[in-house]
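To start, the structure itself, in structure tokens.
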Amino acid sequence: MKKKRIIPLVLFRNGYVVQSRNFSNYRSLGLLDGTLERLEDWAADEVIVLNISNSAEPSIGRGDLATKIEVDFISTLKKHSLRNSMPLTVGGGIKSIRDSDVIFQSGADKIYLNTLINQDPNTVVEMAEKYGSQAIVGGIDVRWVNHAPVAYYLNGNITIEKDIKQLIDHYISLGIGEIMVNSIDRDGMKNGFDEDILEYLPLSALPITLCGGAGNPNHFVEPLKSLKIDGVVAGNYFQHVENSVPLVRDHLLTLGLPVRKVVRLKFNQGEF
């Protein structure tokens with residue numbers, strides 16, 4: 001049986017890794033390099049890193065992070081990829097083939113696109129032709145409106161006039177090879193993944209992952225039982241040591257779910 005993926009999501013904003021809530025209310029946690037090292041130690045299946053920097057909107061900083069530190073996003077990715085093997089999907093601010101070239105040259109295995117798909121689909125087709133569909137992940141950000149899921153882009157600000165299945169068909173037609181469905185309503189709420197959205201997803205050969213809402217190991221169970229879901233993505237949840245990838249994976253393995261066993265880990269569970 002094909003193994004299902006457990007994928008940490010890392011948000012990089014104005015020099016720091018941040019937590020988010022409902023695509024806003026960002027709180028700084030630490031530096032990108034250290035976060036990627038920790039996830040590598042945890043033997044994550046892969047990691048998604050999104051650069052959501054916006055200098056016009058400062059994050060809520062921790063006291064020990066009060067001093068601004070200039071961190072070059074691309075240089076950090078290059079440094080990490082040279083010494084580690086964890087697969088990386090990278091997105092945020094990609095507007096052209098040149099932008100995507102820079103991301104791939106920094107060590108990314110895939111690029112994540114959302115706004116570009118809706119503003120310049122022809123460029124997305126060019127990217128898929130150049131890099132292959134397997135290297136393009138399309139994001140669908142969803143919130144519930146009048147008891148129906150509605151897709152958005154541009155950080156959840158602009159509505160897409162297609163239902164979820166139509167939008168997935170559109171993504172496939174552009175050559176996109178994987179889709180991440182992200183719940184705006186559940187983002188940072190820790191009340192579980194949006195299982196209701198599963199009804200609106202097609203049973204597709206295209207890998208589909210579900211993101212938003214993880215609060216405890218049991219929240220991963222039902223989505224991973226679904227034949228429509230190839231993996232689950234969690235951001236805030238994996239920013240704490242006690243919520244490590246290996247511990248979640250072990251919990252799922254005890255329930256008989258088809259996830260990969262930990263093959264390499266620098267720390268034993270007693271140290272978490």
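Order determines the names: the first chain of the structure tokens is A, the second B, and so forth; residues in each chain are numbered 1 upward, and ligands are numbered 1 upward as they are shown.
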Could you make a table, as a Markdown table, of the residues of segment 168-194 of chain A that have an atom within 8 Å of an atom of segment 209-223 of chain A, each with its nearest atom pair and distance in Å to one decimal, counting only C-alpha atoms, in chain and number order?
| residue | atom | partner | partner_atom | distance |
| --- | --- | --- | --- | --- |
| A:Ile179 | CA | A:Thr209 | CA | 6.3 |
| A:Met180 | CA | A:Thr209 | CA | 4.7 |
| A:Val181 | CA | A:Leu210 | CA | 5.0 |
| A:Asn182 | CA | A:Cys211 | CA | 4.6 |
| A:Ser183 | CA | A:Gly212 | CA | 5.2 |
| A:Ile184 | CA | A:Gly212 | CA | 7.2 |
| A:Arg186 | CA | A:Gly213 | CA | 4.6 |
| A:Asp187 | CA | A:Gly212 | CA | 4.6 |
| A:Gly188 | CA | A:Gly213 | CA | 5.9 |
| A:Met189 | CA | A:Gly213 | CA | 5.5 |
| A:Lys190 | CA | A:Gly215 | CA | 3.9 |
| A:Asn191 | CA | A:Gly213 | CA | 5.5 |
| A:Gly192 | CA | A:Gly213 | CA | 4.5 |
| A:Phe193 | CA | A:Gly213 | CA | 4.7 |
| A:Asp194 | CA | A:Gly213 | CA | 7.3 |
Please report, as a ChimeraX atom specification, each residue of segment 129-245 of chain A to which DSSP assigns strand (DSSP E or B) when run on this structure's backbone.
/A:136-145,148-153,158-159,178-183,208-211,231-234
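Interatomic distance, atom CA of Val241 of chain A to atom CA of Arg21 of chain A: 19.5 Å.
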Which of these, A:Glu195, A:Asp230, A:Glu46, A:Asp141, has the shortest distance to Asp109 of chain A once you count only C-alpha atoms?
A:Glu46
Would you list the contacts of Gly139 of chain A as a count of residues only, taking every protein, DNA or RNA residue within 12 Å and counting only C-alpha atoms, but skipping same-chain residues closer than 2 positions in sequence?
42
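Distances to Gly175 of chain A were evaluated for A:Ser100, A:Ser106, A:Gln119, A:Gln134 using only C-alpha atoms, and the minimum falls at A:Gln134.
Between atom CA of Lys3 of chain A and atom CA of Lys79 of chain A lies a distance of 29.1 Å.
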Segment 56-259 of chain A: which residues are alpha helix (DSSP H) by DSSP, as a VMD selection string?
chain A and resid 73 to 83 97 to 105 115 to 119 121 to 131 164 to 174 221 to 225 245 to 254
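For the atom pair formed by atom CA of Arg5 of chain A and atom CA of Lys110 of chain A, the distance is 15.3 Å, given to one decimal.
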Which residues are near Ser53 of chain A? Cut-off 12 Å, only C-alpha atoms, ignore same chain within fewer than 4 positions. Put them as a PyMOL selection string.
chain A and resi 11-18+26+28+49+57-59+71-73+91-93+155
Given the selection you just returned, output its residues as a file containing N, CA and C atoms, formatted as a compact mmCIF listing (two decimals), in the first residue's frame.
# COMPACT_ATOMS: atom_id res chain seq x y z
N LEU A 11 6.31 28.68 7.62
CA LEU A 11 6.04 30.02 7.09
C LEU A 11 7.20 30.94 7.46
N PHE A 12 7.79 31.57 6.45
CA PHE A 12 8.90 32.51 6.65
C PHE A 12 8.38 33.91 6.38
N ARG A 13 8.54 34.79 7.37
CA ARG A 13 8.00 36.13 7.23
C ARG A 13 8.95 37.15 7.84
N ASN A 14 9.44 38.04 6.99
CA ASN A 14 10.28 39.15 7.44
C ASN A 14 11.45 38.69 8.32
N GLY A 15 12.08 37.59 7.92
CA GLY A 15 13.29 37.14 8.60
C GLY A 15 13.10 36.03 9.60
N TYR A 16 11.86 35.71 9.94
CA TYR A 16 11.62 34.71 10.97
C TYR A 16 10.62 33.65 10.51
N VAL A 17 10.71 32.49 11.13
CA VAL A 17 9.64 31.50 11.03
C VAL A 17 8.50 31.98 11.92
N VAL A 18 7.26 31.90 11.41
CA VAL A 18 6.13 32.42 12.18
C VAL A 18 5.00 31.39 12.28
N TYR A 26 0.31 36.90 12.81
CA TYR A 26 1.56 36.15 12.76
C TYR A 26 2.39 36.39 14.02
N SER A 28 6.25 35.52 15.62
CA SER A 28 7.60 35.03 15.32
C SER A 28 8.03 33.94 16.29
N VAL A 49 8.01 25.10 2.48
CA VAL A 49 8.44 26.38 3.02
C VAL A 49 7.82 27.49 2.17
N GLU A 57 3.87 44.96 7.16
CA GLU A 57 3.06 44.44 8.27
C GLU A 57 3.96 43.66 9.21
N PRO A 58 4.42 44.27 10.29
CA PRO A 58 5.33 43.58 11.21
C PRO A 58 4.65 42.46 11.95
N SER A 59 5.44 41.42 12.27
CA SER A 59 4.93 40.31 13.06
C SER A 59 4.92 40.68 14.53
N VAL A 71 17.70 38.01 7.31
CA VAL A 71 17.91 36.63 6.88
C VAL A 71 17.60 36.54 5.39
N ASP A 72 18.55 36.09 4.62
CA ASP A 72 18.33 35.92 3.19
C ASP A 72 17.68 34.56 2.96
N PHE A 73 16.47 34.59 2.46
CA PHE A 73 15.67 33.38 2.29
C PHE A 73 16.35 32.38 1.36
N GLY A 91 7.56 28.01 -1.92
CA GLY A 91 6.65 28.92 -2.60
C GLY A 91 6.65 30.29 -1.97
N GLY A 92 5.86 31.17 -2.54
CA GLY A 92 5.75 32.53 -2.05
C GLY A 92 6.43 33.53 -2.98
N GLY A 93 5.65 34.40 -3.59
CA GLY A 93 6.20 35.45 -4.41
C GLY A 93 6.73 35.00 -5.76
N ASN A 155 -3.59 35.28 -0.65
CA ASN A 155 -3.67 35.20 0.81
C ASN A 155 -5.11 35.25 1.32
Counting only C-alpha atoms, closest pick from A:Ala43, A:Leu36, A:Ile140, A:Ile74 relative to Arg260 of chain A is A:Ala43
Tell me which of A:Val245, A:Ile160, A:Leu39, A:Leu253 sits closest to Leu224 of chain A, counting only C-alpha atoms.
A:Leu253
